[in-house]
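Asks: Provided below: upload.csv, containing CSV, C-alpha atoms.
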chain,number,residue,atom,x,y,z
A,1,MET,CA,9.3,20.1,-9.4
A,2,ILE,CA,8.3,23.4,-7.7
A,3,TYR,CA,4.8,22.1,-6.8
A,4,LEU,CA,6.4,18.9,-5.5
A,5,GLN,CA,8.6,20.8,-3.2
A,6,VAL,CA,5.7,22.9,-2.0
A,7,GLU,CA,3.7,19.8,-1.0
A,8,LEU,CA,6.8,18.3,0.7
A,9,LYS,CA,7.2,21.5,2.8
A,10,LYS,CA,3.5,21.3,3.8
A,11,LEU,CA,4.3,17.9,5.4
A,12,LYS,CA,6.9,19.3,7.7
A,13,ARG,CA,6.1,18.7,11.4
A,14,ARG,CA,3.0,16.8,10.5
A,15,HIS,CA,4.3,13.5,11.9
A,16,THR,CA,4.1,11.9,8.5
A,17,ALA,CA,7.6,10.6,8.4
A,18,ALA,CA,7.3,9.4,12.0
A,19,ALA,CA,4.2,7.3,11.0
A,20,PHE,CA,6.1,5.7,8.1
A,21,LEU,CA,9.2,5.0,10.3
A,22,LEU,CA,7.1,3.5,13.1
A,23,THR,CA,5.3,1.3,10.6
A,24,LEU,CA,8.6,0.1,9.1
A,25,ALA,CA,10.0,-0.5,12.6
A,26,PHE,CA,7.0,-2.7,13.4
A,27,LEU,CA,7.3,-4.6,10.1
A,28,ALA,CA,11.0,-5.2,10.8
A,29,ALA,CA,10.4,-6.4,14.3
A,30,TYR,CA,7.6,-8.7,13.1
A,31,THR,CA,9.7,-10.1,10.2
A,32,PHE,CA,12.6,-11.0,12.4
A,33,TRP,CA,10.3,-12.3,15.1
A,34,CYS,CA,8.9,-14.7,12.5
A,35,LEU,CA,12.4,-16.0,11.9
A,36,THR,CA,13.3,-16.6,15.6
A,37,ASP,CA,11.7,-20.0,15.8
A,38,VAL,CA,12.0,-21.2,12.1
A,39,ASN,CA,12.3,-25.0,12.0
A,40,PRO,CA,13.6,-26.2,8.6
A,41,GLY,CA,11.9,-29.5,9.2
A,42,GLN,CA,8.4,-27.9,9.2
A,43,LEU,CA,8.6,-25.8,6.0
A,44,ASN,CA,10.3,-26.0,2.7
A,45,ASP,CA,11.0,-22.3,1.9
A,46,VAL,CA,11.8,-19.6,4.4
A,47,THR,CA,11.8,-16.9,1.8
A,48,ALA,CA,8.2,-17.8,0.7
A,49,MET,CA,7.1,-17.7,4.3
A,50,VAL,CA,8.5,-14.3,5.0
A,51,GLU,CA,7.1,-12.8,1.8
A,52,MET,CA,3.6,-14.2,2.5
A,53,ASN,CA,3.7,-12.8,6.0
A,54,LEU,CA,4.8,-9.4,4.8
A,55,LEU,CA,2.0,-9.2,2.3
A,56,ILE,CA,-0.6,-10.3,5.0
A,57,ILE,CA,0.6,-7.7,7.5
A,58,ASN,CA,0.7,-5.0,4.8
A,59,THR,CA,-2.9,-5.8,4.1
A,60,VAL,CA,-3.7,-4.4,7.5
A,61,PHE,CA,-1.2,-1.5,7.9
A,62,SER,CA,-0.7,-0.1,4.4
A,63,PRO,CA,-4.3,1.0,3.8
A,64,VAL,CA,-4.3,3.0,7.0
A,65,LEU,CA,-0.9,4.5,6.3
A,66,MET,CA,-1.9,5.6,2.8
A,67,ALA,CA,-5.1,7.1,4.2
A,68,PHE,CA,-3.1,8.9,6.8
A,69,LEU,CA,-0.7,10.3,4.2
A,70,ALA,CA,-3.6,11.4,2.0
A,71,SER,CA,-5.4,13.1,4.8
A,72,ARG,CA,-2.2,15.0,5.7
A,73,LEU,CA,-1.8,16.2,2.1
A,74,ALA,CA,-5.4,17.3,1.9
A,75,ASP,CA,-6.4,18.7,5.3
A,76,MET,CA,-4.2,21.8,5.4
A,77,GLU,CA,-6.0,23.6,2.6
A,78,LEU,CA,-9.4,22.2,3.6
A,79,ALA,CA,-9.1,23.0,7.3
A,80,GLY,CA,-7.7,26.5,6.6
A,81,ASN,CA,-10.2,27.1,3.8
A,82,THR,CA,-7.3,28.3,1.6
A,83,LEU,CA,-7.9,26.1,-1.4
A,84,LYS,CA,-9.8,28.9,-3.2
A,85,TRP,CA,-6.8,31.2,-2.8
A,86,LEU,CA,-4.3,28.6,-4.0
A,87,CYS,CA,-6.4,27.9,-7.1
A,88,ILE,CA,-6.2,31.6,-8.0
A,89,LEU,CA,-2.4,31.6,-7.7
A,90,GLN,CA,-1.7,28.3,-9.5
A,91,PRO,CA,-3.6,25.9,-11.8
A,92,PRO,CA,-5.7,23.4,-9.8
A,93,ALA,CA,-4.2,20.5,-11.7
A,94,SER,CA,-0.8,21.4,-10.5
A,95,ILE,CA,-2.0,21.2,-6.9
A,96,TYR,CA,-3.5,17.8,-7.4
A,97,TRP,CA,-0.6,16.3,-9.2
A,98,GLY,CA,1.9,17.7,-6.7
A,99,LYS,CA,0.0,15.9,-3.9
A,100,ALA,CA,-0.2,12.7,-6.1
A,101,ALA,CA,3.6,12.9,-6.8
A,102,VAL,CA,4.4,13.1,-3.1
A,103,GLY,CA,2.1,10.1,-2.3
A,104,LEU,CA,3.6,8.0,-5.1
A,105,MET,CA,7.1,8.8,-4.0
A,106,ALA,CA,6.2,7.8,-0.4
A,107,ALA,CA,4.5,4.6,-1.5
A,108,TRP,CA,7.4,3.5,-3.7
A,109,LEU,CA,10.0,4.3,-1.0
A,110,PHE,CA,7.9,2.4,1.5
A,111,ALA,CA,7.9,-0.6,-0.8
A,112,GLY,CA,11.6,-0.3,-1.5
A,113,VAL,CA,12.6,-0.2,2.2
A,114,GLN,CA,10.5,-3.3,2.8
A,115,SER,CA,12.2,-5.1,-0.1
A,116,VAL,CA,15.6,-4.3,1.4
A,117,LEU,CA,14.3,-5.6,4.8
A,118,PHE,CA,13.0,-8.7,3.1
A,119,PHE,CA,16.5,-9.3,1.6
A,120,ALA,CA,18.3,-8.7,4.9
A,121,ALA,CA,16.0,-11.1,6.7
A,122,CYS,CA,16.2,-13.9,4.2
A,123,ALA,CA,19.9,-13.6,3.2
A,124,PRO,CA,21.2,-16.1,5.9
A,125,PHE,CA,18.8,-18.8,4.6
A,126,PRO,CA,19.5,-21.0,1.6
A,127,GLY,CA,17.2,-21.4,-1.5
A,128,LEU,CA,16.5,-17.7,-2.2
A,129,ASN,CA,14.2,-17.1,-5.2
A,130,PRO,CA,16.1,-14.5,-7.2
A,131,GLY,CA,13.1,-12.7,-8.5
A,132,CYS,CA,11.1,-12.6,-5.2
A,133,PHE,CA,12.6,-9.3,-4.0
A,134,LEU,CA,11.6,-7.5,-7.2
A,135,GLN,CA,8.2,-9.2,-7.1
A,136,LEU,CA,7.6,-8.0,-3.6
A,137,PHE,CA,8.6,-4.4,-4.5
A,138,VAL,CA,6.3,-4.4,-7.5
A,139,THR,CA,3.4,-5.8,-5.5
A,140,LEU,CA,3.7,-3.3,-2.7
A,141,ALA,CA,4.3,-0.3,-4.9
A,142,ALA,CA,1.4,-1.1,-7.2
A,143,VAL,CA,-1.2,-1.8,-4.5
A,144,CYS,CA,-0.1,1.1,-2.2
A,145,SER,CA,-0.2,3.5,-5.2
A,146,ALA,CA,-3.8,2.4,-6.0
A,147,LEU,CA,-4.8,2.8,-2.3
A,148,PHE,CA,-3.2,6.2,-2.1
A,149,ALA,CA,-5.0,7.3,-5.3
A,150,LEU,CA,-8.3,6.3,-3.9
A,151,GLN,CA,-7.7,7.8,-0.5
A,152,LEU,CA,-6.4,11.1,-1.9
A,153,ASN,CA,-9.6,11.6,-3.9
A,154,LEU,CA,-11.7,10.8,-0.9
A,155,SER,CA,-9.8,13.1,1.4
A,156,LEU,CA,-10.0,16.0,-1.1
A,157,ARG,CA,-13.8,15.6,-1.3
A,158,SER,CA,-14.4,15.2,2.5
A,159,SER,CA,-14.8,18.1,4.9
A,160,SER,CA,-13.8,15.8,7.7
A,161,GLN,CA,-10.7,13.5,7.4
A,162,LEU,CA,-12.2,11.0,9.9
A,163,ALA,CA,-14.5,9.4,7.3
A,164,PRO,CA,-11.7,8.4,4.8
A,165,LEU,CA,-9.6,7.1,7.7
A,166,PHE,CA,-12.4,4.9,9.1
A,167,LEU,CA,-13.1,3.7,5.6
A,168,ALA,CA,-9.5,2.6,5.2
A,169,ILE,CA,-9.6,0.8,8.6
A,170,GLY,CA,-12.8,-1.1,7.6
A,171,ALA,CA,-11.5,-1.9,4.1
A,172,ALA,CA,-8.2,-3.2,5.6
A,173,PHE,CA,-10.1,-5.9,7.4
A,174,ALA,CA,-12.1,-6.7,4.2
A,175,GLY,CA,-8.7,-7.1,2.5
A,176,LEU,CA,-7.5,-9.4,5.3
A,177,PHE,CA,-10.6,-11.5,5.0
A,178,SER,CA,-9.9,-11.9,1.3
A,179,TRP,CA,-6.8,-14.0,2.2
A,180,PHE,CA,-9.0,-16.6,3.8
A,181,LEU,CA,-11.8,-16.6,1.2
A,182,PRO,CA,-9.9,-17.6,-2.0
A,183,VAL,CA,-13.1,-19.0,-3.7
A,184,PHE,CA,-15.2,-15.9,-3.1
A,185,PRO,CA,-14.2,-13.2,-5.6
A,186,LEU,CA,-13.9,-10.4,-3.0
A,187,ARG,CA,-10.2,-10.0,-3.5
A,188,TYR,CA,-10.6,-9.2,-7.2
A,189,LEU,CA,-13.3,-6.6,-6.6
A,190,ILE,CA,-11.6,-4.3,-4.1
A,191,PRO,CA,-8.2,-2.7,-4.3
A,192,TRP,CA,-7.4,-3.7,-0.7
A,193,GLY,CA,-7.6,-7.3,-1.7
A,194,TYR,CA,-4.8,-7.1,-4.3
A,195,PHE,CA,-2.1,-7.9,-1.8
A,196,SER,CA,-3.5,-11.5,-1.9
A,197,VAL,CA,-4.3,-11.3,-5.6
A,198,LEU,CA,-0.7,-10.5,-6.5
A,199,CYS,CA,0.8,-13.0,-4.1
A,200,ASN,CA,2.3,-15.6,-6.4
A,201,LEU,CA,2.5,-18.2,-3.7
A,202,SER,CA,0.4,-21.2,-2.6
A,203,MET,CA,0.6,-22.7,0.8
A,204,THR,CA,-0.4,-26.3,1.9
A,205,TYR,CA,-0.4,-27.2,5.5
A,206,THR,CA,-0.4,-30.9,6.6
A,207,GLU,CA,-1.8,-31.1,10.1
A,208,SER,CA,-0.6,-34.6,10.9
A,209,THR,CA,3.1,-33.7,10.3
A,210,ARG,CA,2.8,-29.9,10.9
A,211,TYR,CA,4.6,-29.4,7.7
A,212,THR,CA,4.0,-26.3,5.5
A,213,LEU,CA,4.7,-26.6,1.8
A,214,TYR,CA,5.1,-23.3,-0.1
A,215,GLU,CA,5.1,-23.3,-3.9
A,216,TRP,CA,6.0,-20.4,-6.3
A,217,LYS,CA,3.6,-19.7,-9.1
A,218,ASN,CA,3.8,-17.4,-12.2
A,219,TYR,CA,3.5,-13.8,-11.3
A,220,PRO,CA,-0.1,-12.6,-12.1
A,221,LEU,CA,0.8,-9.9,-14.7
A,222,PHE,CA,-2.8,-9.6,-15.8
A,223,TRP,CA,-4.0,-8.6,-12.3
A,224,LEU,CA,-1.0,-6.3,-11.9
A,225,GLY,CA,-2.1,-4.6,-15.1
A,226,VAL,CA,-5.6,-4.3,-13.6
A,227,ILE,CA,-4.5,-2.6,-10.4
A,228,LEU,CA,-2.2,-0.2,-12.4
A,229,LEU,CA,-5.0,0.7,-14.7
A,230,PHE,CA,-7.2,1.3,-11.7
A,231,SER,CA,-4.6,3.7,-10.3
A,232,VAL,CA,-4.3,5.6,-13.6
A,233,ILE,CA,-8.1,6.0,-14.0
A,234,THR,CA,-8.5,7.0,-10.3
A,235,PHE,CA,-5.8,9.7,-10.5
A,236,ARG,CA,-7.2,11.1,-13.8
A,237,ARG,CA,-10.8,11.1,-12.6
A,238,GLY,CA,-9.7,12.6,-9.3
A,239,CYS,CA,-7.8,15.4,-11.1
A,240,ARG,CA,-10.8,16.2,-13.3
A,241,ARG,CA,-13.1,16.4,-10.3
A,242,PHE,CA,-10.7,18.5,-8.4
A,243,GLN,CA,-10.5,20.9,-11.3
A,244,ALA,CA,-14.3,21.0,-11.6
A,245,SER,CA,-14.7,21.6,-7.9
A,246,ALA,CA,-12.0,24.3,-7.9
A,247,GLY,CA,-13.9,26.1,-10.6
A,248,GLN,CA,-17.0,26.3,-8.4
A,249,ILE,CA,-15.2,27.8,-5.5
Can you present the structure in this file as structure tokens?
Replies:
Amino acid sequence: MIYLQVELKKLKRRHTAAAFLLTLAFLAAYTFWCLTDVNPGQLNDVTAMVEMNLLIINTVFSPVLMAFLASRLADMELAGNTLKWLCILQPPASIYWGKAAVGLMAAWLFAGVQSVLFFAACAPFPGLNPGCFLQLFVTLAAVCSALFALQLNLSLRSSSQLAPLFLAIGAAFAGLFSWFLPVFPLRYLIPWGYFSVLCNLSMTYTESTRYTLYEWKNYPLFWLGVILLFSVITFRRGCRRFQASAGQI
């Protein structure tokens, strides 16, 4: 708990909270904009439409936001060259897991706020799927946690924080392309594609009638397990490498 509080204090006046609030404000504006011209005669499920749109837009913004958070958690010690002094005062593993805990808390809170936003946007419309709000939270929390784990390791190993940020931007577009390439296994090979992998919806658009049919599928628990396992392995390997590099300082 002490190490968690230390890492939270390091984020003060680093514009991290502002970045999350601005992203959430944009997501809220985008969600309610999608509902301004909803025509019940052109789609069968408003809730499904909103969830799919939220997952698509998160494919673009969440990787960059997680990379920004990871860079803020890593760059203070790296820029000030104070990591070697910290590793003398406290175990290197506690430094790493303190940063990981802050990132996971932020990712889960980010997912939770979006789930509440999802409920508020869809509440006026009939035909709500009772489990869709929990599914959205689990999907966002799992994928954002995996992305943060990867970005934290990259940020801690990079002297310049621009490289991990540029990687996140490029990977976000790769994840976006995975939505439109369902046959190509790109989405299963990169963590940025798991927003589409864990989307338990199918969409069929009929051009002649301009009608969109959304269908709910079983939640892909196997692939959820895959991305959670990826997060655990990434965090554990990152901690071991961090400890090894700290011992060489």
Asks: Would you list the contacts of A:Val38 as a list of chain:residue names, taking every protein, DNA or RNA residue within 12 Å and counting only C-alpha atoms, but skipping same-chain residues closer than 5 positions in sequence?
Replies: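 Skipping anything fewer than 5 positions along the chain leaves A:Thr31, A:Phe32, A:Trp33, A:Leu43, A:Asn44, A:Asp45, A:Val46, A:Thr47, A:Met49, A:Val50, A:Cys122, A:Phe125, A:Tyr211, A:Thr212.
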Asks: For C-alpha atoms, I'd like the residues from the last selection saved as a compact mmCIF listing (two decimals), in the frame of the given file.
Replies:
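And here's out02.txt as it stands now:
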# COMPACT_ATOMS: atom_id res chain seq x y z
CA THR A 31 9.70 -10.10 10.20
CA PHE A 32 12.60 -11.00 12.40
CA TRP A 33 10.30 -12.30 15.10
CA LEU A 43 8.60 -25.80 6.00
CA ASN A 44 10.30 -26.00 2.70
CA ASP A 45 11.00 -22.30 1.90
CA VAL A 46 11.80 -19.60 4.40
CA THR A 47 11.80 -16.90 1.80
CA MET A 49 7.10 -17.70 4.30
CA VAL A 50 8.50 -14.30 5.00
CA CYS A 122 16.20 -13.90 4.20
CA PHE A 125 18.80 -18.80 4.60
CA TYR A 211 4.60 -29.40 7.70
CA THR A 212 4.00 -26.30 5.50
Asks: So which residues are close to (-0.3, 9.9, 2.9), meaning at most 8 Å away in the file's coordinates with all atoms listed in the file counted, and can you show them as number ranges by chain?
Replies: A: 16, 65-73, 103, 106, 148, 152
Asks: Would you pick out the contacts of A:Cys132 at 9 Å or less, using all atoms listed in the file, so that residues sharing its chain but fewer than 5 positions from it are not included, and give the list as a short mmCIF file (atom, residue, chain, number, x, y, z; two decimals) with C-alpha atoms, keeping the file's coordinate frame?
Replies:
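What follows is the written file part06.cif:
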data_model
loop_
_atom_site.label_atom_id
_atom_site.label_comp_id
_atom_site.auth_asym_id
_atom_site.auth_seq_id
_atom_site.Cartn_x
_atom_site.Cartn_y
_atom_site.Cartn_z
CA THR A 47 11.80 -16.90 1.80
CA ALA A 48 8.20 -17.80 0.70
CA GLU A 51 7.10 -12.80 1.80
CA PHE A 137 8.60 -4.40 -4.50
#
Asks: What does the distance between atom CA of A:Lys217 and atom CA of A:Asn200 come to in Å, to one decimal place?
Replies: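 Computing the Euclidean distance for atom CA of A:Lys217 and atom CA of A:Asn200 yields 5.1 Å.
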Asks: Kindly give the distance, in Å, that separates atom CA of A:Tyr219 and atom CA of A:Ser202, rounded to a single decimal.
Replies: 11.8 Å
Asks: Do a neighbour search on A:Ser62 at 9 Å with all atoms listed in the file, toss out local chain neighbours closer than 6 positions, and write the hits as a ChimeraX atom specification.
Replies: /A:23,140,144,147,172
Asks: Report, in Å to a single decimal, how far apart atom CA of A:Ala171 and atom CA of A:Gly238 are.
Replies: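 Taking atom CA of A:Gly238 and atom CA of A:Ala171, their separation equals 19.8 Å.
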Asks: Excluding same-chain residues fewer than 4 positions from A:Leu228, what lies within 12 Å of it counting only C-alpha atoms, as a ChimeraX atom specification?
Replies: /A:138-147,149,191,194,198,221-224,232-235
Asks: Between A:Pro92, A:Trp216, A:Phe61, A:Val197, which has the minimum distance to A:Pro185 (counting only C-alpha atoms)?
Replies: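 That would be A:Val197, the residue with the smallest distance to A:Pro185.
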Asks: Could you check which of A:Cys239, A:Met105, A:Ile190, A:Met203 is closest to A:Leu154, using all atoms listed in the file?
Replies: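 The shortest atom-to-atom distance to A:Leu154 comes from A:Cys239.
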Asks: Would you mind telling me which residue in A:Leu186, A:Ala29, A:Ala121, A:Leu150 lies nearest to A:Ile57 when using all atoms listed in the file?
Replies: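 Checking each of A:Leu186, A:Ala29, A:Ala121, A:Leu150 against A:Ile57, counting all atoms listed in the file, the winner is A:Ala29.
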Asks: Can you rebuild stretch 32-43 of chain A with all heavy atoms and give it as a PDB file, in the coordinates of the input?
Replies:
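To be explicit, this is the file written out as out.pdb:
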ATOM      1  N   PHE A  32      11.568 -10.252  11.740  1.00  0.00           N
ATOM      2  CA  PHE A  32      12.600 -11.000  12.400  1.00  0.00           C
ATOM      3  C   PHE A  32      12.091 -11.844  13.553  1.00  0.00           C
ATOM      4  O   PHE A  32      12.685 -12.868  13.896  1.00  0.00           O
ATOM      5  CB  PHE A  32      13.687  -9.991  12.945  1.00  0.00           C
ATOM      6  CG  PHE A  32      14.558  -9.425  11.856  1.00  0.00           C
ATOM      7  CD1 PHE A  32      14.332  -8.152  11.349  1.00  0.00           C
ATOM      8  CD2 PHE A  32      15.593 -10.178  11.318  1.00  0.00           C
ATOM      9  CE1 PHE A  32      15.111  -7.633  10.338  1.00  0.00           C
ATOM     10  CE2 PHE A  32      16.392  -9.661  10.307  1.00  0.00           C
ATOM     11  CZ  PHE A  32      16.153  -8.392   9.809  1.00  0.00           C
ATOM     12  N   TRP A  33      10.951 -11.454  14.118  1.00  0.00           N
ATOM     13  CA  TRP A  33      10.300 -12.300  15.100  1.00  0.00           C
ATOM     14  C   TRP A  33       9.830 -13.616  14.455  1.00  0.00           C
ATOM     15  O   TRP A  33       9.919 -14.696  15.062  1.00  0.00           O
ATOM     16  CB  TRP A  33       9.137 -11.594  15.748  1.00  0.00           C
ATOM     17  CG  TRP A  33       8.349 -12.472  16.689  1.00  0.00           C
ATOM     18  CD1 TRP A  33       8.683 -12.812  17.973  1.00  0.00           C
ATOM     19  CD2 TRP A  33       7.099 -13.115  16.404  1.00  0.00           C
ATOM     20  NE1 TRP A  33       7.718 -13.640  18.506  1.00  0.00           N
ATOM     21  CE2 TRP A  33       6.739 -13.844  17.574  1.00  0.00           C
ATOM     22  CE3 TRP A  33       6.272 -13.152  15.293  1.00  0.00           C
ATOM     23  CZ2 TRP A  33       5.573 -14.595  17.631  1.00  0.00           C
ATOM     24  CZ3 TRP A  33       5.108 -13.900  15.347  1.00  0.00           C
ATOM     25  CH2 TRP A  33       4.766 -14.609  16.507  1.00  0.00           C
ATOM     26  N   CYS A  34       9.327 -13.529  13.232  1.00  0.00           N
ATOM     27  CA  CYS A  34       8.900 -14.700  12.500  1.00  0.00           C
ATOM     28  C   CYS A  34      10.034 -15.702  12.275  1.00  0.00           C
ATOM     29  O   CYS A  34       9.814 -16.917  12.131  1.00  0.00           O
ATOM     30  CB  CYS A  34       8.248 -14.357  11.180  1.00  0.00           C
ATOM     31  SG  CYS A  34       6.651 -13.521  11.306  1.00  0.00           S
ATOM     32  N   LEU A  35      11.256 -15.171  12.217  1.00  0.00           N
ATOM     33  CA  LEU A  35      12.400 -16.000  11.900  1.00  0.00           C
ATOM     34  C   LEU A  35      13.104 -16.548  13.163  1.00  0.00           C
ATOM     35  O   LEU A  35      14.063 -17.314  13.040  1.00  0.00           O
ATOM     36  CB  LEU A  35      13.423 -15.210  11.085  1.00  0.00           C
ATOM     37  CG  LEU A  35      12.955 -14.776   9.692  1.00  0.00           C
ATOM     38  CD1 LEU A  35      13.970 -13.843   9.065  1.00  0.00           C
ATOM     39  CD2 LEU A  35      12.725 -15.989   8.807  1.00  0.00           C
ATOM     40  N   THR A  36      12.631 -16.153  14.336  1.00  0.00           N
ATOM     41  CA  THR A  36      13.300 -16.600  15.600  1.00  0.00           C
ATOM     42  C   THR A  36      13.141 -18.067  15.834  1.00  0.00           C
ATOM     43  O   THR A  36      14.030 -18.710  16.398  1.00  0.00           O
ATOM     44  CB  THR A  36      12.807 -15.777  16.764  1.00  0.00           C
ATOM     45  OG1 THR A  36      11.370 -15.882  16.833  1.00  0.00           O
ATOM     46  CG2 THR A  36      13.222 -14.318  16.647  1.00  0.00           C
ATOM     47  N   ASP A  37      11.999 -18.627  15.460  1.00  0.00           N
ATOM     48  CA  ASP A  37      11.700 -20.000  15.800  1.00  0.00           C
ATOM     49  C   ASP A  37      11.488 -20.848  14.485  1.00  0.00           C
ATOM     50  O   ASP A  37      10.673 -21.776  14.471  1.00  0.00           O
ATOM     51  CB  ASP A  37      10.560 -20.190  16.710  1.00  0.00           C
ATOM     52  CG  ASP A  37       9.290 -19.562  16.146  1.00  0.00           C
ATOM     53  OD1 ASP A  37       9.393 -18.829  15.152  1.00  0.00           O
ATOM     54  OD2 ASP A  37       8.211 -19.817  16.712  1.00  0.00           O
ATOM     55  N   VAL A  38      12.207 -20.490  13.398  1.00  0.00           N
ATOM     56  CA  VAL A  38      12.000 -21.200  12.100  1.00  0.00           C
ATOM     57  C   VAL A  38      12.633 -22.623  12.288  1.00  0.00           C
ATOM     58  O   VAL A  38      13.780 -22.791  12.717  1.00  0.00           O
ATOM     59  CB  VAL A  38      12.731 -20.475  10.985  1.00  0.00           C
ATOM     60  CG1 VAL A  38      12.814 -21.362   9.751  1.00  0.00           C
ATOM     61  CG2 VAL A  38      11.967 -19.213  10.659  1.00  0.00           C
ATOM     62  N   ASN A  39      11.834 -23.614  11.941  1.00  0.00           N
ATOM     63  CA  ASN A  39      12.300 -25.000  12.000  1.00  0.00           C
ATOM     64  C   ASN A  39      12.328 -25.521  10.536  1.00  0.00           C
ATOM     65  O   ASN A  39      11.279 -25.694   9.908  1.00  0.00           O
ATOM     66  CB  ASN A  39      11.308 -25.849  12.801  1.00  0.00           C
ATOM     67  CG  ASN A  39      11.801 -27.285  12.978  1.00  0.00           C
ATOM     68  OD1 ASN A  39      12.768 -27.711  12.345  1.00  0.00           O
ATOM     69  ND2 ASN A  39      11.136 -28.026  13.845  1.00  0.00           N
ATOM     70  N   PRO A  40      13.522 -25.748   9.980  1.00  0.00           N
ATOM     71  CA  PRO A  40      13.600 -26.200   8.600  1.00  0.00           C
ATOM     72  C   PRO A  40      12.861 -27.504   8.325  1.00  0.00           C
ATOM     73  O   PRO A  40      12.525 -27.798   7.175  1.00  0.00           O
ATOM     74  CB  PRO A  40      15.119 -26.379   8.364  1.00  0.00           C
ATOM     75  CG  PRO A  40      15.768 -25.513   9.410  1.00  0.00           C
ATOM     76  CD  PRO A  40      14.848 -25.565  10.595  1.00  0.00           C
ATOM     77  N   GLY A  41      12.592 -28.264   9.376  1.00  0.00           N
ATOM     78  CA  GLY A  41      11.900 -29.500   9.200  1.00  0.00           C
ATOM     79  C   GLY A  41      10.370 -29.337   9.089  1.00  0.00           C
ATOM     80  O   GLY A  41       9.652 -30.317   8.849  1.00  0.00           O
ATOM     81  N   GLN A  42       9.879 -28.102   9.263  1.00  0.00           N
ATOM     82  CA  GLN A  42       8.400 -27.900   9.200  1.00  0.00           C
ATOM     83  C   GLN A  42       8.003 -26.998   8.037  1.00  0.00           C
ATOM     84  O   GLN A  42       6.818 -26.733   7.876  1.00  0.00           O
ATOM     85  CB  GLN A  42       7.987 -27.206  10.530  1.00  0.00           C
ATOM     86  CG  GLN A  42       8.088 -28.132  11.730  1.00  0.00           C
ATOM     87  CD  GLN A  42       7.540 -27.496  12.994  1.00  0.00           C
ATOM     88  OE1 GLN A  42       7.378 -26.286  13.069  1.00  0.00           O
ATOM     89  NE2 GLN A  42       7.242 -28.319  13.985  1.00  0.00           N
ATOM     90  N   LEU A  43       8.942 -26.539   7.226  1.00  0.00           N
ATOM     91  CA  LEU A  43       8.600 -25.800   6.000  1.00  0.00           C
ATOM     92  C   LEU A  43       9.702 -25.923   5.011  1.00  0.00           C
ATOM     93  O   LEU A  43      10.850 -26.188   5.369  1.00  0.00           O
ATOM     94  CB  LEU A  43       8.318 -24.313   6.327  1.00  0.00           C
ATOM     95  CG  LEU A  43       9.489 -23.383   6.636  1.00  0.00           C
ATOM     96  CD1 LEU A  43       9.054 -21.936   6.497  1.00  0.00           C
ATOM     97  CD2 LEU A  43      10.019 -23.605   8.048  1.00  0.00           C
TER      98      LEU A  43
END
